[in-house]
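See below for the structure under consideration.
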Protein chains: 4
Amino acid sequence: MRWRVRIVLADAGRATTVEHALRGLGMWTRRHSAHGHGGDHVAFAVTPTSTPVPATAVRGVDGVVAVYDADSLHPLVDAMPRTCTLRGRVLGVGEAPALFAGPCSVESEEQIHRVAAAVARHGAVALRGGAWKPRTSPRGFQGHGTPALGWLVDAARAHGLAVVTEVVAERDVDAVAAVVDVLQVGARTMHSGALLRAVGAAHRPVLLKRAFAATLEEWLLAGEALLLHGAPVVLFCERGVRGPDNGMRNVLDVGAVAVLAHAHGLPVVVDPSHAAGRRDVVVPLAMAGLAAGACGVVIEVHDRPAEALSDAPQALDPEALAPLGLRRQ
Amino acid sequence: MRWRVRIVLADAGRATTVEHALRGLGMWTRRHSAHGHGGDHVAFAVTPTSTPVPATAVRGVDGVVAVYDADSLHPLVDAMPRTCTLRGRVLGVGEAPALFAGPCSVESEEQIHRVAAAVARHGAVALRGGAWKPRTSPRGFQGHGTPALGWLVDAARAHGLAVVTEVVAERDVDAVAAVVDVLQVGARTMHSGALLRAVGAAHRPVLLKRAFAATLEEWLLAGEALLLHGAPVVLFCERGVRGPDNGMRNVLDVGAVAVLAHAHGLPVVVDPSHAAGRRDVVVPLAMAGLAAGACGVVIEVHDRPAEALSDAPQALDPEALAPLGLRRQ
Amino acid sequence: MRWRVRIVLADAGRATTVEHALRGLGMWTRRHSAHGHGGDHVAFAVTPTSTPVPATAVRGVDGVVAVYDADSLHPLVDAMPRTCTLRGRVLGVGEAPALFAGPCSVESEEQIHRVAAAVARHGAVALRGGAWKPRTSPRGFQGHGTPALGWLVDAARAHGLAVVTEVVAERDVDAVAAVVDVLQVGARTMHSGALLRAVGAAHRPVLLKRAFAATLEEWLLAGEALLLHGAPVVLFCERGVRGPDNGMRNVLDVGAVAVLAHAHGLPVVVDPSHAAGRRDVVVPLAMAGLAAGACGVVIEVHDRPAEALSDAPQALDPEALAPLGLRRQ
Amino acid sequence: MRWRVRIVLADAGRATTVEHALRGLGMWTRRHSAHGHGGDHVAFAVTPTSTPVPATAVRGVDGVVAVYDADSLHPLVDAMPRTCTLRGRVLGVGEAPALFAGPCSVESEEQIHRVAAAVARHGAVALRGGAWKPRTSPRGFQGHGTPALGWLVDAARAHGLAVVTEVVAERDVDAVAAVVDVLQVGARTMHSGALLRAVGAAHRPVLLKRAFAATLEEWLLAGEALLLHGAPVVLFCERGVRGPDNGMRNVLDVGAVAVLAHAHGLPVVVDPSHAAGRRDVVVPLAMAGLAAGACGVVIEVHDRPAEALSDAPQALDPEALAPLGLRRQ
């Protein structure tokens, strides 16, 4: 049984022992002790991102008087398959880590073919690349759109790679879903219910990036929206949250990765490129993400990194992927 | 002349005096002193949200050697009208503060008429209310949609109020733009380039909420996107950013209000309801926003606050608006 | 009765009505509904910074089954006097707002006398100024120390002002406490238990700044430590928290001011100078803080602002205080 | 040569190429282009945490016109030894990773001996344990003080371990420095200049934890203060910063680890226990920190984790260290 909110009532005299036992089971609690009503009890509210533990196991803890559980707010995420299969390759906790690689934006037919060949050679499972690019400035390069989508798919197919690409507008969903393996929802639109609804309705696996300052619960609920509207499975993608050094880099939240992967068994990948913001720490961050429990990494790669039309500073030369030692199968 | 990025070179011997003079003019600087090349100069990078000061005035500061200016990334915001007129009422810095009020969501034809009457009586210029509601949980109440839009417009017209409502999906923009005075872009979608493009193309004034963790620059660039695609004017709406007490309330950034209003002369309004998250501090926060320089407040009001279908805890009874002392004209 | 943690159990069928009633009373809740044990109940955990409401009032809400309360973690703050008297002037919610003003650092005997005269003329109740300055860089100006303390006290006495100054080291506490009216604990040391203990033991009123990213609860607990070790009263001072535009300015948390002042009745002052980081928005932020419920403002003033040895860009000329309209008595 | 602030001037026509070349060298830049004075140049401000690159290499980039460098604000950190030797074991980038382990607080003579034996068996280099504990609540367990220090040192010596312990008060520094190998400055006091001065003056290696919301620059400047006052070497310890899920856990900033270790070559360790806040993700976070470039991990270990007097939920049983595979030498 999966659950989201839980209150545990315990004997007041054993409260500390019970609290420690709960935390030892992976349950984050807030104590709400009591001396008002119903005997001397202590109540613990268990936070939603705790390890799921069956109510029977909790009732078995010495000193526990009662356990209240509520329906989960994200039952579909709780019941979702723990793995996702892409062109025969299984992604999930405990599986060999997968590499999603490609340019920030698909710049030309030749470029994407060159990159596809290179990343396939370095063990990528999927080719990623943007046909439409969400940018902070409305005058930044917005991507080549529909033609780029065609080039991307052709290049991937030529090299036996799956295709992942971001959809930024509701009206593009169907055209993209018809040709790619995984639809990506970006950090800037994770909170857009209308887009989540449209993407879910395409009945495709979704790679869901976490928004800039989203809580774990908001991220899980965005996943729930996708599943509710029809997506068969969601790959959660951690790409860094805002922190004290805003403006320079994001903070790759490896703790979120560990909680989703180890406490909930969910498939989660990391995007070290956006977290780093610069080339020289992308590989260490990728390794940190995998060490924390990610089942894959999404890396921006360009065959001529310094000439990339967008996100150039964080783009890696394909050769730089070698230390990761990832393999296609 | 408006500008966005500026470097000031100064005599090394007078650097401290120059720096103080610049900061006294309202310019935030980062010092990049120098002992490498071209004489003993010190460079100051001026941050984008500093007070705009003409280059000639900066060159006039004793000790300044050169001033480098760049094109603004948001020239349309810089050149935008400093006021916005709604049904004959002028909004802007220095004008009498305006009240936008109404329920979080339009719940029924009767409800919205009752609320419209009440807020008109308490000095509101515009009726606000959601026909489509963006929610964190996909199973939360999502609004009554098209029928609610009709009820909202009728109620506003019956009481001589302007209408403001949020558009959450690209496909709804035209229908909404045809009947309302101001289109609202919400905090969850401020980063959605596709929605900004669609809303801008409707050629209507836009109330643009700041995203949960947006920098001032990102907020201004979202405004630039709206203007670039056709919006005639943007009202910037501060509604609180994430802070140390996440999960309970947002931090109403009155400093952002003061910088936009006083340093840039832009029309900015505050939404104290979402910042507070609870009824008992909404009015103090509204007053704080006005004191900081806002030209208006957007407040969630419900005639039976405890029964509101969404955001009930922060909804005010219309009578609670009285201490604000805002008037229609 | 004051309390800190509270669980409210309610009939499942009336949960929404109860929740709304609680929030309408100013109580932030987290819902922990239940379908496991003991009938169909719903539990609400009330967060610590909610408005204190007597348990009897909560039990009186229709549908409430039981209320569990715990001992407060900060009973001394809860029981603390709601006002603080400085040289005959009463500070507290509902009292006329007070002005604390003076230079960031005490630079010379002449300077502090000139500033004291000026701020007394502009209605200040207390002279503030640093004898020891905590700085980010260990090579920044650290203050003139003991001689500066003497100059500060003499200047204040000459103009009938109370004295407020920061203590940065345990070993300085006694010497400072012997001569000033209010000891200040700075944002950088709010988390230092050893300093809080030493300052509390001096049995003086304390102005306690909130740390850069402290939660309300951490701030209240730092106040509790001061009172526990002997301080008679604590003035809480909000000076801005870190936000999305880190590096340029802090976010003055007027919501924290409103909650402490209006929900808890505590005396709270604001420091708009550090929140703003630049001169041109200090006065609007001061007015915002007062509008939110602060009973006073702490402003950095210098008679030659551009020449200040520290924090020059945010220092105001004394004449700039006039629009605040604050008076000594 | 080490530097802190740098401005690069480039030909306007080649600005994009130059920018990409700089970022490819690991330099984060902010662009300040120019059309005012001195020809059509573009200025790039290089942020302080960029990879240090010799000025000659930057001048060699095609299109660069001039490079301005300033004195570093933390020259002693820049010049500090890149390794630290503890009882014969060398810590630093590229060395075998070291384990610092022990209880949050030293609870009894027997406990610390049992834990010392266990962590020595599992490859620890140093025994950590608190004699004085900084706590959020002034009524929390504050540690056993001086007696605990004696037990800690005896236990470490008995098992050939180095000793690391936190100093929370200036007055304790000398007594602690006389008997331990490494003095720890905690997250709560990283900003306390008085404590940094006292600890530095003890002429001991220091383990410096990063404050809850400190920028990289503030952290480096705290290290500079320690070195300036006499510390021979500083081990920087990342323990998680505040993020969107405040209140539950901190965000272990592996990007900060990667930048300090890989771009600056500094010895940095991670504390996964405080970042996680719960036992079940401590080991994955430790591995993530090492993968990012940390030269060691600091882990809270207790022989009876559920009974720990402080931080029980995050305490590991010594057996849980096995998967880390760390060895004494």
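Simple scheme: letters A, B, ... for chains in structure tokens order, numbers from 1 for residues in each chain, numbers from 1 for ligands in the order shown.
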Would you list which chain A residues are within 7 Å of chain D using only C-alpha atoms, as an MDAnalysis selection string? chainID A and resid 20:21 23:24 26 213:215 243:245 251:255 258:259 276 278:281 284:285 287:289 291:293 306 312:313
Grab the residues selected above and save them as a JSON list (two decimals), in the first residue's frame with N, CA and C atoms.
```
[["chain", "number", "residue", "atom", "x", "y", "z"],
["A", 20, "HIS", "N", 12.38, 7.73, 17.17],
["A", 20, "HIS", "CA", 13.63, 7.22, 16.61],
["A", 20, "HIS", "C", 13.39, 5.99, 15.76],
["A", 21, "ALA", "N", 12.49, 5.15, 16.20],
["A", 21, "ALA", "CA", 12.20, 3.96, 15.41],
["A", 21, "ALA", "C", 11.62, 4.34, 14.05],
["A", 23, "ARG", "N", 12.05, 7.20, 12.42],
["A", 23, "ARG", "CA", 13.10, 7.82, 11.59],
["A", 23, "ARG", "C", 14.06, 6.77, 11.07],
["A", 24, "GLY", "N", 14.30, 5.78, 11.89],
["A", 24, "GLY", "CA", 15.17, 4.70, 11.44],
["A", 24, "GLY", "C", 14.56, 3.92, 10.29],
["A", 26, "GLY", "N", 13.11, 5.39, 7.95],
["A", 26, "GLY", "CA", 13.14, 6.30, 6.80],
["A", 26, "GLY", "C", 11.97, 7.27, 6.79],
["A", 213, "ALA", "N", 12.31, 25.88, -8.72],
["A", 213, "ALA", "CA", 12.22, 25.92, -7.26],
["A", 213, "ALA", "C", 11.09, 25.02, -6.78],
["A", 214, "ALA", "N", 10.82, 23.96, -7.52],
["A", 214, "ALA", "CA", 9.70, 23.08, -7.15],
["A", 214, "ALA", "C", 10.06, 22.20, -5.97],
["A", 215, "THR", "N", 9.08, 21.99, -5.10],
["A", 215, "THR", "CA", 9.25, 21.01, -4.03],
["A", 215, "THR", "C", 9.10, 19.61, -4.62],
["A", 243, "GLY", "N", 19.75, 28.22, -5.77],
["A", 243, "GLY", "CA", 20.40, 28.22, -4.47],
["A", 243, "GLY", "C", 21.11, 29.52, -4.20],
["A", 244, "PRO", "N", 22.02, 29.51, -3.23],
["A", 244, "PRO", "CA", 22.63, 30.78, -2.80],
["A", 244, "PRO", "C", 23.46, 31.47, -3.88],
["A", 245, "ASP", "N", 23.97, 30.71, -4.85],
["A", 245, "ASP", "CA", 24.77, 31.34, -5.89],
["A", 245, "ASP", "C", 23.97, 31.57, -7.17],
["A", 251, "VAL", "N", 21.77, 24.25, -8.23],
["A", 251, "VAL", "CA", 22.27, 23.25, -7.29],
["A", 251, "VAL", "C", 21.63, 21.91, -7.64],
["A", 252, "LEU", "N", 22.43, 20.98, -8.14],
["A", 252, "LEU", "CA", 21.91, 19.66, -8.49],
["A", 252, "LEU", "C", 21.50, 18.96, -7.20],
["A", 253, "ASP", "N", 20.21, 18.67, -7.07],
["A", 253, "ASP", "CA", 19.69, 18.18, -5.80],
["A", 253, "ASP", "C", 19.79, 16.65, -5.76],
["A", 254, "VAL", "N", 20.99, 16.15, -5.43],
["A", 254, "VAL", "CA", 21.20, 14.71, -5.39],
["A", 254, "VAL", "C", 20.40, 14.05, -4.27],
["A", 255, "GLY", "N", 20.01, 14.81, -3.27],
["A", 255, "GLY", "CA", 19.15, 14.27, -2.22],
["A", 255, "GLY", "C", 17.77, 13.94, -2.76],
["A", 258, "ALA", "N", 18.14, 10.75, -4.58],
["A", 258, "ALA", "CA", 18.23, 9.59, -3.68],
["A", 258, "ALA", "C", 16.87, 9.24, -3.09],
["A", 259, "VAL", "N", 16.08, 10.24, -2.72],
["A", 259, "VAL", "CA", 14.77, 9.95, -2.14],
["A", 259, "VAL", "C", 13.85, 9.31, -3.17],
["A", 276, "ALA", "N", 25.32, 22.55, -13.98],
["A", 276, "ALA", "CA", 26.69, 23.07, -13.95],
["A", 276, "ALA", "C", 26.77, 24.45, -14.58],
["A", 278, "ARG", "N", 28.56, 25.13, -16.95],
["A", 278, "ARG", "CA", 29.84, 25.24, -17.61],
["A", 278, "ARG", "C", 30.45, 23.84, -17.75],
["A", 279, "ARG", "N", 31.23, 23.74, -18.77],
["A", 279, "ARG", "CA", 31.72, 22.45, -19.24],
["A", 279, "ARG", "C", 32.54, 21.67, -18.22],
["A", 280, "ASP", "N", 33.40, 22.37, -17.47],
["A", 280, "ASP", "CA", 34.42, 21.64, -16.71],
["A", 280, "ASP", "C", 33.92, 20.87, -15.50],
["A", 281, "VAL", "N", 32.65, 21.07, -15.12],
["A", 281, "VAL", "CA", 32.16, 20.26, -14.00],
["A", 281, "VAL", "C", 30.97, 19.38, -14.39],
["A", 284, "PRO", "N", 31.86, 15.44, -13.47],
["A", 284, "PRO", "CA", 31.74, 15.15, -12.04],
["A", 284, "PRO", "C", 30.29, 15.17, -11.54],
["A", 285, "LEU", "N", 29.48, 16.10, -12.06],
["A", 285, "LEU", "CA", 28.09, 16.15, -11.60],
["A", 285, "LEU", "C", 27.30, 14.95, -12.12],
["A", 287, "MET", "N", 28.49, 12.01, -12.58],
["A", 287, "MET", "CA", 28.87, 10.88, -11.74],
["A", 287, "MET", "C", 28.22, 10.98, -10.36],
["A", 288, "ALA", "N", 28.10, 12.19, -9.85],
["A", 288, "ALA", "CA", 27.44, 12.38, -8.56],
["A", 288, "ALA", "C", 25.97, 11.95, -8.64],
["A", 289, "GLY", "N", 25.31, 12.31, -9.73],
["A", 289, "GLY", "CA", 23.91, 11.93, -9.90],
["A", 289, "GLY", "C", 23.72, 10.42, -9.95],
["A", 291, "ALA", "N", 25.77, 8.21, -8.71],
["A", 291, "ALA", "CA", 26.10, 7.66, -7.39],
["A", 291, "ALA", "C", 24.92, 7.81, -6.43],
["A", 292, "ALA", "N", 24.13, 8.87, -6.61],
["A", 292, "ALA", "CA", 22.99, 9.10, -5.72],
["A", 292, "ALA", "C", 21.81, 8.19, -6.02],
["A", 293, "GLY", "N", 21.81, 7.59, -7.21],
["A", 293, "GLY", "CA", 20.71, 6.67, -7.51],
["A", 293, "GLY", "C", 20.03, 6.89, -8.85],
["A", 306, "ALA", "N", 32.17, 25.04, -28.93],
["A", 306, "ALA", "CA", 32.31, 26.49, -28.83],
["A", 306, "ALA", "C", 31.43, 27.23, -29.82],
["A", 312, "ALA", "N", 26.20, 27.06, -25.28],
["A", 312, "ALA", "CA", 27.54, 26.63, -25.69],
["A", 312, "ALA", "C", 28.45, 26.34, -24.50],
["A", 313, "PRO", "N", 28.46, 27.17, -23.48],
["A", 313, "PRO", "CA", 29.48, 26.97, -22.44],
["A", 313, "PRO", "C", 29.39, 25.65, -21.70]]
```
Among range 122-200 of chain C, which ones does DSSP assign to strand (DSSP E) (computed from the backbone)? Answer as number ranges by chain. C: 126-128, 162-166, 182-185
Could the residues in this selection be written to a file with N, CA and C atoms, as a PDB file, in the first residue's frame?
```
ATOM      1  N   ALA C 126      16.711  56.506  19.212  1.00  0.00           N
ATOM      2  CA  ALA C 126      17.977  55.870  19.578  1.00  0.00           C
ATOM      3  C   ALA C 126      19.022  56.110  18.505  1.00  0.00           C
ATOM      4  N   LEU C 127      20.253  56.173  18.960  1.00  0.00           N
ATOM      5  CA  LEU C 127      21.392  56.283  18.057  1.00  0.00           C
ATOM      6  C   LEU C 127      21.979  54.890  17.877  1.00  0.00           C
ATOM      7  N   ARG C 128      22.119  54.460  16.640  1.00  0.00           N
ATOM      8  CA  ARG C 128      22.758  53.173  16.396  1.00  0.00           C
ATOM      9  C   ARG C 128      24.092  53.434  15.693  1.00  0.00           C
ATOM     10  N   ALA C 162      18.808  57.130  23.157  1.00  0.00           N
ATOM     11  CA  ALA C 162      19.220  55.815  23.639  1.00  0.00           C
ATOM     12  C   ALA C 162      20.320  55.298  22.707  1.00  0.00           C
ATOM     13  N   VAL C 163      21.056  54.269  23.176  1.00  0.00           N
ATOM     14  CA  VAL C 163      22.163  53.733  22.382  1.00  0.00           C
ATOM     15  C   VAL C 163      21.931  52.256  22.065  1.00  0.00           C
ATOM     16  N   VAL C 164      22.105  51.922  20.800  1.00  0.00           N
ATOM     17  CA  VAL C 164      22.030  50.530  20.346  1.00  0.00           C
ATOM     18  C   VAL C 164      23.318  50.212  19.620  1.00  0.00           C
ATOM     19  N   THR C 165      23.977  49.108  19.998  1.00  0.00           N
ATOM     20  CA  THR C 165      25.166  48.741  19.228  1.00  0.00           C
ATOM     21  C   THR C 165      25.325  47.233  19.221  1.00  0.00           C
ATOM     22  N   GLU C 166      25.968  46.743  18.162  1.00  0.00           N
ATOM     23  CA  GLU C 166      26.133  45.299  18.006  1.00  0.00           C
ATOM     24  C   GLU C 166      27.331  44.793  18.789  1.00  0.00           C
ATOM     25  N   VAL C 182      20.548  49.096  24.562  1.00  0.00           N
ATOM     26  CA  VAL C 182      20.106  47.887  23.850  1.00  0.00           C
ATOM     27  C   VAL C 182      21.321  47.235  23.192  1.00  0.00           C
ATOM     28  N   LEU C 183      21.487  45.920  23.428  1.00  0.00           N
ATOM     29  CA  LEU C 183      22.545  45.164  22.772  1.00  0.00           C
ATOM     30  C   LEU C 183      21.989  44.596  21.464  1.00  0.00           C
ATOM     31  N   GLN C 184      22.748  44.697  20.405  1.00  0.00           N
ATOM     32  CA  GLN C 184      22.298  44.141  19.136  1.00  0.00           C
ATOM     33  C   GLN C 184      23.038  42.834  18.839  1.00  0.00           C
ATOM     34  N   VAL C 185      22.266  41.816  18.418  1.00  0.00           N
ATOM     35  CA  VAL C 185      22.862  40.587  17.886  1.00  0.00           C
ATOM     36  C   VAL C 185      22.631  40.639  16.379  1.00  0.00           C
TER      37      VAL C 185
END
```
For range 103-120 of chain A, list every protein, DNA or RNA residue within 10 Å, evaluated using only C-alpha atoms, and leave out those in the same chain fewer than 4 positions away; present the list as a ChimeraX atom specification. /A:99,124-133,141-145,147-161,165,273,299-305,308-312,314-319,321,327-328
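Note that CA of Pro205 in chain A and CA of Gly140 in chain B are 23.8 Å apart.
CA of Val90 in chain D to CA of Phe236 in chain D spans 15.1 Å [interatomic distance, one decimal].
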Just the residues within 12 Å of Thr85 in chain C, please, counting only C-alpha atoms, with nothing from its chain fewer than 2 positions along; format it as a count of residues only. 24
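The space between CA of Val173 in chain B and CA of Ala201 in chain B spans 9.0 Å.
If you measure from each of A:Leu227, A:Val179, A:Ala211, A:Ala10 to Ser192 in chain B using only C-alpha atoms, the closest one turns out to be A:Ala211.
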What residues in range 171-323 of chain A get the DSSP label alpha helix (DSSP H)? Please answer as a PyMOL selection string. chain A and resi 173-177+193-200+216-228+254-258+272-276+282-292
